[in-house]
>>> print(open('upload16.cif').read())   # mmCIF, C-alpha atoms
data_model
loop_
_atom_site.label_atom_id
_atom_site.label_comp_id
_atom_site.auth_asym_id
_atom_site.auth_seq_id
_atom_site.Cartn_x
_atom_site.Cartn_y
_atom_site.Cartn_z
CA MET V 143 0.00 0.00 0.00
CA GLN V 144 1.35 3.39 -0.98
CA GLU V 145 1.71 5.64 2.05
CA LEU V 146 0.27 9.15 1.91
CA SER V 147 2.00 12.18 3.37
CA ASP V 148 0.50 13.93 6.40
CA ARG V 149 -0.61 16.86 4.21
CA GLU V 150 -2.38 14.55 1.75
CA ILE V 151 -4.25 12.80 4.55
CA LEU V 152 -5.24 16.10 6.18
CA ASP V 153 -6.38 17.61 2.87
CA LEU V 154 -8.55 14.58 2.10
CA PHE V 155 -9.90 14.54 5.66
CA ALA V 156 -10.86 18.24 5.47
CA LYS V 157 -13.32 17.59 2.61
CA ALA V 158 -16.66 16.08 3.60
CA ASP V 159 -16.87 13.76 0.59
CA THR V 160 -13.40 12.25 1.09
CA ARG V 161 -13.36 12.31 4.90
CA ASN V 162 -14.20 8.63 5.40
CA TYR V 163 -11.79 7.59 2.65
CA ALA V 164 -8.98 9.59 4.26
CA PHE V 165 -9.69 8.05 7.62
CA ASN V 166 -9.71 4.58 6.15
CA LEU V 167 -6.27 5.26 4.62
CA LEU V 168 -5.04 6.58 7.96
CA VAL V 169 -6.20 3.41 9.72
CA ARG V 170 -4.59 1.16 7.11
CA GLN V 171 -1.35 3.14 7.22
CA PHE V 172 -0.86 3.12 10.99
CA GLN V 173 -2.87 0.21 12.42
CA GLN V 174 -0.05 -2.32 12.56
CA ARG V 175 2.59 -0.12 14.19
CA LEU V 176 0.12 1.19 16.75
CA TYR V 177 -1.26 -2.27 17.45
CA TRP V 178 2.17 -3.74 18.22
CA HIS V 179 3.05 -0.74 20.35
CA ILE V 180 -0.12 -1.20 22.40
CA ARG V 181 0.12 -4.99 22.45
CA ARG V 182 3.62 -4.92 23.95
CA MET V 183 2.31 -2.73 26.74
CA VAL V 184 -0.98 -4.51 27.61
CA ILE V 185 0.03 -8.04 26.41
CA ASP V 186 -3.52 -9.31 25.81
CA HIS V 187 -4.83 -9.21 22.21
CA ASP V 188 -8.42 -8.28 23.14
CA ASP V 189 -7.26 -5.39 25.32
CA ALA V 190 -4.94 -4.22 22.55
CA ASP V 191 -7.81 -4.41 20.05
CA ASP V 192 -10.10 -2.30 22.29
CA LEU V 193 -7.41 0.29 22.91
CA LEU V 194 -6.49 0.51 19.23
CA GLN V 195 -10.13 1.25 18.39
CA ASN V 196 -10.21 3.96 21.08
CA VAL V 197 -7.06 5.51 19.65
CA PHE V 198 -8.57 5.79 16.17
CA ILE V 199 -11.92 7.06 17.50
CA LYS V 200 -10.08 9.82 19.37
CA ALA V 201 -7.98 10.57 16.30
CA PHE V 202 -11.12 10.80 14.15
CA HIS V 203 -12.67 13.40 16.44
CA ALA V 204 -9.46 15.41 16.86
CA LEU V 205 -7.90 15.25 13.41
CA ASP V 206 -9.71 18.46 12.40
CA GLN V 207 -7.84 20.37 15.08
CA PHE V 208 -4.51 18.66 14.36
CA ARG V 209 -1.82 21.32 14.27
CA GLU V 210 1.07 20.33 12.10
CA ASP V 211 3.68 21.08 14.74
CA SER V 212 4.24 17.32 14.97
CA LYS V 213 3.94 14.37 12.61
CA ILE V 214 0.66 12.44 12.50
CA TYR V 215 2.49 9.28 13.44
CA THR V 216 4.04 10.71 16.63
CA TRP V 217 0.66 12.25 17.49
CA LEU V 218 -1.04 8.85 17.10
CA TYR V 219 1.69 7.19 19.16
CA ARG V 220 1.11 9.78 21.88
CA ILE V 221 -2.63 9.01 21.96
CA ALA V 222 -1.86 5.27 22.00
CA THR V 223 0.68 5.64 24.81
CA ASN V 224 -1.76 7.65 26.92
CA GLU V 225 -4.46 5.04 26.31
CA CYS V 226 -2.10 2.28 27.51
CA ILE V 227 -1.08 4.17 30.64
CA THR V 228 -4.71 5.01 31.48
CA PHE V 229 -5.71 1.38 30.89
CA LEU V 230 -2.99 0.02 33.19
CA ASN V 231 -3.74 2.64 35.88
CA ASN V 232 -7.45 1.82 35.76
CA LYS V 233 -6.65 -1.87 36.10
CA ARG V 234 -4.70 -1.10 39.27
CA LYS V 235 -7.41 1.14 40.69
CA ARG V 236 -10.26 -1.23 39.84
CA PHE V 237 -8.74 -4.17 41.66
CA PHE V 238 -6.79 -2.14 44.26
CA LEU V 239 -3.64 -3.81 42.99
CA PRO V 240 -0.10 -2.59 43.58
CA ILE V 241 2.01 -2.12 40.43
CA ALA V 242 3.92 -5.40 40.95
CA ASP V 243 0.66 -7.40 41.04
CA VAL V 244 -0.56 -5.94 37.76
CA GLU V 245 2.74 -6.83 36.13
CA ARG V 246 2.49 -10.35 37.63
CA GLN V 247 -1.01 -10.65 36.19
CA LEU V 248 0.26 -9.53 32.78
CA SER V 249 3.05 -12.10 33.05
CA GLU V 250 0.50 -14.87 33.74
CA ASN V 251 -1.59 -13.67 30.78
CA LEU V 252 1.52 -13.92 28.65
CA GLN V 253 2.09 -17.57 29.59
CA ASN V 254 -1.52 -18.44 28.69
CA ASP V 255 -1.68 -16.24 25.59
CA ALA V 256 -2.76 -18.17 22.51
CA TYR V 257 -1.31 -15.41 20.35
CA PHE V 258 2.20 -15.50 21.76
CA SER V 259 4.41 -17.31 19.30
CA GLY V 260 7.83 -16.49 20.72
CA ASP V 261 10.35 -19.03 21.96
CA ARG V 262 11.56 -19.56 25.55
CA ILE V 263 14.10 -16.73 25.42
CA GLN V 264 11.57 -14.28 24.01
CA MET V 265 9.14 -15.25 26.75
CA LYS V 266 11.87 -14.60 29.30
CA LEU V 267 12.58 -11.20 27.73
CA GLN V 268 8.89 -10.25 27.95
CA GLN V 269 8.81 -11.33 31.59
CA ALA V 270 11.91 -9.26 32.25
CA LEU V 271 10.22 -6.29 30.58
CA LEU V 272 7.24 -6.66 32.89
CA THR V 273 9.48 -6.07 35.89
CA LEU V 274 10.47 -2.62 34.55
CA PRO V 275 8.75 0.64 35.47
CA GLU V 276 6.15 1.59 32.86
CA LYS V 277 8.14 4.45 31.34
CA GLN V 278 11.30 2.35 31.00
CA ARG V 279 9.26 -0.41 29.39
CA LEU V 280 7.83 2.10 26.89
CA VAL V 281 11.29 3.45 26.05
CA PHE V 282 12.78 -0.01 25.70
CA ASN V 283 9.95 -1.24 23.43
CA LEU V 284 10.12 1.79 21.16
CA LYS V 285 13.89 1.60 20.82
CA TYR V 286 14.55 -2.14 20.83
CA PHE V 287 11.63 -3.44 18.79
CA GLU V 288 10.75 -0.41 16.66
CA ASN V 289 14.18 1.23 16.43
CA MET V 290 12.48 4.59 16.83
CA LYS V 291 14.59 7.77 16.88
CA TYR V 292 15.07 9.34 20.28
CA GLU V 293 13.82 12.67 18.88
CA ASP V 294 10.49 11.08 17.93
CA MET V 295 10.31 9.30 21.27
CA SER V 296 10.92 12.63 22.99
CA GLU V 297 7.92 14.09 21.15
CA ILE V 298 5.73 11.14 22.10
CA LEU V 299 6.72 10.82 25.74
CA GLY V 300 7.47 14.48 26.49
CA THR V 301 10.91 13.59 27.90
CA SER V 302 14.32 14.94 26.90
CA VAL V 303 16.52 12.88 24.59
CA GLY V 304 19.18 12.61 27.30
CA ALA V 305 16.73 11.23 29.83
CA LEU V 306 15.42 8.74 27.26
CA LYS V 307 18.93 7.46 26.52
CA ALA V 308 19.58 7.05 30.23
CA SER V 309 16.24 5.30 30.66
CA TYR V 310 17.01 2.87 27.83
CA HIS V 311 20.46 2.16 29.25
CA HIS V 312 18.96 1.38 32.71
CA ALA V 313 16.33 -0.85 31.12
CA VAL V 314 18.98 -2.87 29.23
CA LYS V 315 21.05 -3.31 32.41
CA LYS V 316 18.00 -4.53 34.37
CA ILE V 317 17.03 -6.96 31.61
CA GLU V 318 20.56 -8.36 31.41
CA GLU V 319 20.49 -8.83 35.18
CA PHE V 320 17.08 -10.55 35.01
CA MET V 321 18.21 -12.87 32.20
CA ARG V 322 21.30 -13.90 34.16
CA ARG V 323 19.38 -14.46 37.39
CA VAL V 324 16.24 -16.28 36.20
CA MET R 49 29.55 11.87 17.12
CA GLN R 50 27.54 9.04 18.58
CA THR R 51 24.55 7.88 16.60
CA ASP R 52 21.29 6.52 18.01
CA GLU R 53 22.42 3.04 17.08
CA ASN R 54 25.38 3.39 19.48
CA HIS R 55 22.84 3.81 22.28
CA ASN R 56 21.01 0.67 21.24
CA PRO R 57 23.17 -2.15 22.55
CA GLU R 58 21.91 -5.55 21.53
CA LEU R 59 21.01 -7.99 24.22
CA PRO R 60 23.23 -10.94 23.31
CA GLY R 61 21.40 -14.03 22.18
CA ILE R 62 17.93 -12.47 22.21
CA PRO R 63 16.25 -12.11 18.83
CA ARG R 64 14.59 -8.78 18.09
CA GLY R 65 11.68 -10.36 16.24
CA ASN R 66 8.09 -9.85 17.29
CA PRO R 67 6.99 -12.74 19.54
CA PHE R 68 3.29 -11.80 19.43
CA SER R 69 0.74 -12.74 16.82
CA THR R 70 -2.89 -11.88 16.04
CA PRO R 71 -5.95 -13.87 14.95
CA GLU R 72 -5.81 -14.58 11.23
CA GLY R 73 -6.94 -11.73 9.01
CA TYR R 74 -7.11 -9.31 11.95
CA PHE R 75 -5.48 -6.41 10.12
CA ASP R 76 -7.66 -6.98 7.05
CA ARG R 77 -10.84 -6.78 9.12
CA PHE R 78 -9.79 -3.96 11.41
CA PRO R 79 -10.38 -1.03 8.96
CA LEU R 80 -13.94 -2.34 8.36
CA LYS R 81 -14.51 -2.61 12.10
CA MET R 82 -13.32 0.98 12.49
CA ALA R 83 -15.61 2.16 9.69
CA ASP R 84 -18.57 0.59 11.54
CA ARG R 85 -17.53 2.22 14.81
CA ILE R 86 -17.16 5.62 13.16
CA ALA R 87 -20.61 5.28 11.59
CA ALA R 88 -22.05 4.41 15.02
CA GLU R 89 -20.15 7.34 16.61
CA LYS R 90 -21.60 9.77 14.06
CA GLY R 91 -25.12 8.82 15.10
CA ARG R 92 -24.32 9.33 18.76
CA PHE R 93 -24.79 12.73 20.44
CA ARG R 94 -21.53 14.37 21.38
CA PHE R 95 -21.53 17.33 23.75
CA PRO R 96 -20.39 20.26 21.58
CA PHE R 97 -18.18 21.83 24.28
CA PRO R 98 -16.18 18.92 25.74
CA VAL R 99 -13.96 21.32 27.69
CA LEU R 100 -16.98 22.21 29.85
CA LEU R 101 -17.19 18.60 31.02
CA LYS R 102 -14.02 19.15 33.06
CA PRO R 103 -14.69 20.01 36.73
CA VAL R 104 -13.23 23.55 36.91
CA PRO R 105 -14.82 24.98 33.72
CA MET R 106 -18.08 23.19 34.63
CA PHE R 107 -18.09 24.84 38.08
CA ALA R 108 -17.29 28.28 36.61
CA THR R 109 -20.08 27.93 34.04
CA ALA R 110 -22.54 26.86 36.74
CA ILE R 111 -21.70 29.98 38.81
CA VAL R 112 -22.11 32.30 35.80
CA LEU R 113 -25.45 30.73 34.87
CA LEU R 114 -26.71 30.86 38.46
CA SER R 115 -25.69 34.54 38.85
CA THR R 116 -27.41 35.41 35.56
CA LEU R 117 -30.59 33.65 36.71
CA VAL R 118 -30.61 35.43 40.10
CA VAL R 119 -29.97 38.90 38.60
CA GLY R 120 -32.53 38.30 35.84
CA TYR R 121 -35.17 37.11 38.30
CA ARG R 122 -34.65 40.10 40.58
CA TYR R 123 -34.80 42.55 37.68
CA LEU R 124 -37.98 41.04 36.25
CA ASN R 125 -39.63 40.98 39.66
CA THR R 126 -39.08 44.70 40.34
CA GLY R 127 -40.44 45.63 36.91
CA GLY R 128 -37.77 48.30 36.57
CA ASP R 129 -37.51 51.68 38.40
CA PRO R 130 -40.82 53.21 39.62
CA LEU R 131 -41.88 56.50 38.00
CA SER R 132 -41.52 59.68 40.05
CA GLU R 133 -44.58 61.81 40.87
CA GLU R 134 -43.29 64.47 38.52
CA GLU R 135 -43.05 61.97 35.64
CA ILE R 136 -46.59 60.75 36.33
CA SER R 137 -47.93 64.31 36.39
CA THR R 138 -46.15 65.16 33.12
CA TYR R 139 -47.51 62.00 31.51
CA VAL R 140 -51.06 62.64 32.69
CA TYR R 141 -50.90 66.26 31.54
CA GLN R 142 -49.39 65.44 28.12
CA GLU R 143 -51.79 62.62 27.36
CA GLY R 144 -54.78 64.71 28.43
CA ILE R 145 -55.95 61.88 30.66
CA LEU R 146 -57.52 64.25 33.16
CA ASP R 147 -60.02 65.38 30.51
CA GLU R 148 -61.38 61.83 30.30
CA PHE R 149 -62.65 61.91 33.88
CA SER R 150 -65.28 64.03 35.51
CA GLU R 151 -64.47 66.15 38.55
CA GLU R 152 -66.45 63.77 40.83
CA GLU R 153 -64.49 60.76 39.56
CA LEU R 154 -61.19 62.49 40.19
CA LEU R 155 -62.23 63.50 43.70
CA GLU R 156 -63.41 59.97 44.42
CA TYR R 157 -60.06 58.56 43.15
CA SER R 158 -58.01 61.02 45.21
CA GLU R 159 -59.93 59.93 48.35
CA LEU R 160 -59.47 56.23 47.48
CA SER R 161 -55.73 56.69 46.95
CA LEU R 162 -55.44 57.96 50.47
CA VAL R 163 -57.11 54.85 51.91
CA GLU R 164 -54.62 52.45 53.46
CA PRO R 165 -55.27 49.07 51.85
CA ASP R 166 -55.14 47.09 55.08
CA THR R 167 -57.28 49.35 57.28
CA GLN R 168 -59.58 50.81 54.59
CA GLN R 169 -59.51 54.04 56.60
CA VAL R 170 -59.29 57.40 54.92
CA ASN R 171 -56.16 59.45 55.69
CA HIS R 172 -57.43 62.96 55.78
CA PRO R 173 -54.91 65.50 54.55
CA PRO R 174 -53.45 67.59 57.38
CA THR R 175 -55.11 70.91 57.97
CA ASP R 176 -53.01 72.44 60.71
CA HIS R 177 -49.85 74.47 60.05
CA HIS R 178 -47.42 71.89 61.47
CA GLY R 179 -49.10 69.00 59.68
CA ILE R 180 -48.94 70.78 56.31
CA GLN R 181 -45.22 71.47 56.85
CA GLU R 182 -44.52 67.78 57.62
CA TYR R 183 -46.61 66.65 54.66
CA LEU R 184 -44.70 68.92 52.27
CA ILE R 185 -41.36 67.73 53.64
CA GLU R 186 -42.41 64.08 53.24
CA SER R 187 -43.53 64.81 49.71
CA GLY R 188 -39.97 65.94 48.91
CA ILE R 189 -40.90 69.49 47.99
CA ASP R 190 -38.02 71.95 48.09
CA GLU R 191 -37.57 73.91 51.37
CA VAL R 192 -37.76 77.27 49.57
CA ASP R 193 -41.07 76.25 48.03
CA ILE R 194 -42.36 75.25 51.47
CA ILE R 195 -41.41 78.63 52.92
CA ASN R 196 -43.03 80.38 49.97
CA GLU R 197 -46.15 78.27 50.44
CA LEU R 198 -46.32 79.10 54.15
#
>>> encode(input="upload16.cif", output="C-alpha cells")
Amino acid sequence: MQELSDREILDLFAKADTRNYAFNLLVRQFQQRLYWHIRRMVIDHDDADDLLQNVFIKAFHALDQFREDSKIYTWLYRIATNECITFLNNKRKRFFLPIADVERQLSENLQNDAYFSGDRIQMKLQQALLTLPEKQRLVFNLKYFENMKYEDMSEILGTSVGALKASYHHAVKKIEEFMRRV
Amino acid sequence: MQTDENHNPELPGIPRGNPFSTPEGYFDRFPLKMADRIAAEKGRFRFPFPVLLKPVPMFATAIVLLSTLVVGYRYLNTGGDPLSEEEISTYVYQEGILDEFSEEELLEYSELSLVEPDTQQVNHPPTDHHGIQEYLIESGIDEVDIINEL
C-alpha cells in the first residue's frame, strides 16, 4: 500500500466527501505499528484491540484540530501511549492492585496467551520487561523493537533525549540482570 | 559523534523479532470494524463543548449561569424603576388623561388613593400648620417652596 503524506491525509480529511476515505487510509497506514506498540504494553490481544479502536476514534474526532507542529504518526503514538497508561492505571485502581501485582497478572496472561508465538528466550525477555517501570518499558519497546529515533520518542513521551537514553540504558542493564538471574 | 544506534546495545542471544501474533486476518478486518464504529459514533450525540465537562470549567459555568438567573429574576420581579410623581404628572398632563374623567371621579379617586389598603380608613390630609409642613417635607418638595407656600 502506498503511504500518503501527512498533508495529503489532512487535505482529504478536510473535505466532507473524502473524509471517510482519508480516515480509512489513515487506519490502514498506521494500524499495525500502533497495534504492536499497544500490544507490547498490555500483552492481551483483546485489550490491545479495544485500545487501538479507542485511539482511532479519538484521532477521528481530533484530526480536524490537528496542528502540524508534529507528525501524524508521533501524534497517534502519543494518543496510544496515553491510552495504555490510562488502561494500566485503571486496572490497578479497579482491583486495588499494587504495580507489581498488575505486572504479575500480565506475566500470567503472557504464559496463557494463545497469540504469543515467541520461543523460551523471548518469553523470558517479555517477563523481564514486565518487571520494569512503565516508562522504561515504553522506552525499551520503542527503541529495541521499533528502532524509533530518540527525537520522535521525545515528542511522544514528552521527555528529553538525554533522559530517554539514560532510561534505555537502565532498562537494558535490568534486563541483562534478570536474564542472568532467572 | 555518537549515533542513536550506538545507544542501542543488543542484548546478546535475544532475537529482536516480534513474539506476538494476532488472529488470522485481523489487520484486514480492522479497517472495516473501524468504519462501523465511526458510523455508530456519528449517530451518537456528542456534547459540543467537551472542555466544559471538566470540573473547573463546569463549576465556573454553573456559577455564571446561576448569577445570571438570580440577577434576571430580581430585575424582572421589580419591573424596573418606579416612575416619580413628577413623571406621572407630566404623563397625565401630556396625554390629556384628566379630561377623560369628571371632577367627581377624580375627587373619588383622590380619596381612594389615600385609603390604606389594610385598614380601609381614609387618611385625611393635614389641615393644621405643622401638619402641612410635615406633609410637604415628606412629599420631597423643596424647602424654599415650602417657605413660599407658608
>>> closest_atom_pairs(input="upload16.cif", of="chain V", to="chain R", cutoff="6 Å", atoms="all atoms listed in the file", output="tab-separated table")
residue	atom	partner	partner_atom	distance
V:Tyr257	CA	R:Ser69	CA	4.9
V:Phe258	CA	R:Phe68	CA	4.5
V:Ser259	CA	R:Pro67	CA	5.3
V:Gly260	CA	R:Pro67	CA	4.0
>>> atom_distance(input="upload16.cif", atom1="CA of Glu245 (chain V)", atom2="CA of Leu271 (chain V)")
9.3 Å
>>> resolve_selection(input="upload16.cif", expression="the PyMOL selection byres ((chain V and resi 309) around 12)", output="MDAnalysis selection string")
(chainID V and resid 274:285 292 295:296 301:308 310:316) or (chainID R and resid 55:56)
>>> resolve_selection(input="upload16.cif", expression="the PyMOL selection byres ((chain V and resi 144-155) around 10)", output="CSV table (one decimal) with C-alpha atoms, in the frame of the given file")
chain,number,residue,atom,x,y,z
V,143,MET,CA,0.0,0.0,0.0
V,156,ALA,CA,-10.9,18.2,5.5
V,157,LYS,CA,-13.3,17.6,2.6
V,158,ALA,CA,-16.7,16.1,3.6
V,159,ASP,CA,-16.9,13.8,0.6
V,160,THR,CA,-13.4,12.2,1.1
V,161,ARG,CA,-13.4,12.3,4.9
V,162,ASN,CA,-14.2,8.6,5.4
V,163,TYR,CA,-11.8,7.6,2.6
V,164,ALA,CA,-9.0,9.6,4.3
V,165,PHE,CA,-9.7,8.0,7.6
V,166,ASN,CA,-9.7,4.6,6.2
V,167,LEU,CA,-6.3,5.3,4.6
V,168,LEU,CA,-5.0,6.6,8.0
V,170,ARG,CA,-4.6,1.2,7.1
V,171,GLN,CA,-1.4,3.1,7.2
V,172,PHE,CA,-0.9,3.1,11.0
V,202,PHE,CA,-11.1,10.8,14.2
V,205,LEU,CA,-7.9,15.2,13.4
V,206,ASP,CA,-9.7,18.5,12.4
V,208,PHE,CA,-4.5,18.7,14.4
V,210,GLU,CA,1.1,20.3,12.1
V,212,SER,CA,4.2,17.3,15.0
V,213,LYS,CA,3.9,14.4,12.6
V,214,ILE,CA,0.7,12.4,12.5
V,215,TYR,CA,2.5,9.3,13.4
>>> atom_distance(input="upload16.cif", atom1="CA of Asn289 (chain V)", atom2="CA of Arg175 (chain V)")
11.9 Å
>>> closest_residue(input="upload16.cif", among="R:Ser187, R:Asp147, R:Val104, R:Ala88", to="Glu133 (chain R)", atoms="all atoms listed in the file")
R:Ser187
>>> resolve_selection(input="upload16.cif", expression="the PyMOL selection byres ((chain V and resi 221-225) around 9)", output="list in words")
Leu176, Tyr177, His179, Ile180, Met183, Leu193, Leu194, Asn196, Val197, Phe198, Lys200, Ala201, Thr216, Trp217, Leu218, Tyr219, Arg220, Cys226, Ile227, Thr228, Phe229, Leu230, Leu280, Ile298 and Leu299 of chain V
>>> atom_distance(input="upload16.cif", atom1="CA of Tyr286 (chain V)", atom2="CA of Gln264 (chain V)")
12.9 Å
>>> closest_residue(input="upload16.cif", among="V:Ala204, V:Val324, V:Ile185, V:Ala270", to="Asn254 (chain V)", atoms="all atoms listed in the file")
V:Ile185
>>> closest_residue(input="upload16.cif", among="V:Lys266, V:Lys291, V:Arg182, V:Arg236", to="Ile317 (chain V)", atoms="all atoms listed in the file")
V:Lys266
>>> decode(input="upload16.cif", residues="region 257-268 of chain V", atoms="N, CA and C atoms", output="tab-separated table (two decimals), in the first residue's frame")
chain	number	residue	atom	x	y	z
V	257	TYR	N	-1.94	-16.15	21.44
V	257	TYR	CA	-1.31	-15.41	20.35
V	257	TYR	C	0.10	-14.94	20.71
V	258	PHE	N	0.78	-15.75	21.53
V	258	PHE	CA	2.20	-15.50	21.76
V	258	PHE	C	2.96	-16.62	21.09
V	259	SER	N	3.75	-16.26	20.08
V	259	SER	CA	4.41	-17.31	19.30
V	259	SER	C	5.93	-17.30	19.48
V	260	GLY	N	6.39	-16.57	20.50
V	260	GLY	CA	7.83	-16.49	20.72
V	260	GLY	C	8.40	-17.75	21.36
V	261	ASP	N	9.72	-17.86	21.32
V	261	ASP	CA	10.35	-19.03	21.96
V	261	ASP	C	10.60	-18.73	23.44
V	262	ARG	N	11.34	-19.67	24.10
V	262	ARG	CA	11.56	-19.56	25.55
V	262	ARG	C	12.32	-18.29	25.92
V	263	ILE	N	13.29	-17.93	25.11
V	263	ILE	CA	14.10	-16.73	25.42
V	263	ILE	C	13.26	-15.45	25.25
V	264	GLN	N	12.42	-15.47	24.22
V	264	GLN	CA	11.57	-14.28	24.01
V	264	GLN	C	10.55	-14.14	25.14
V	265	MET	N	10.06	-15.27	25.61
V	265	MET	CA	9.14	-15.25	26.75
V	265	MET	C	9.84	-14.66	27.97
V	266	LYS	N	11.09	-15.09	28.16
V	266	LYS	CA	11.87	-14.60	29.30
V	266	LYS	C	12.12	-13.09	29.18
V	267	LEU	N	12.37	-12.64	27.96
V	267	LEU	CA	12.58	-11.20	27.73
V	267	LEU	C	11.30	-10.42	28.08
V	268	GLN	N	10.16	-10.94	27.65
V	268	GLN	CA	8.89	-10.25	27.95
V	268	GLN	C	8.64	-10.21	29.45
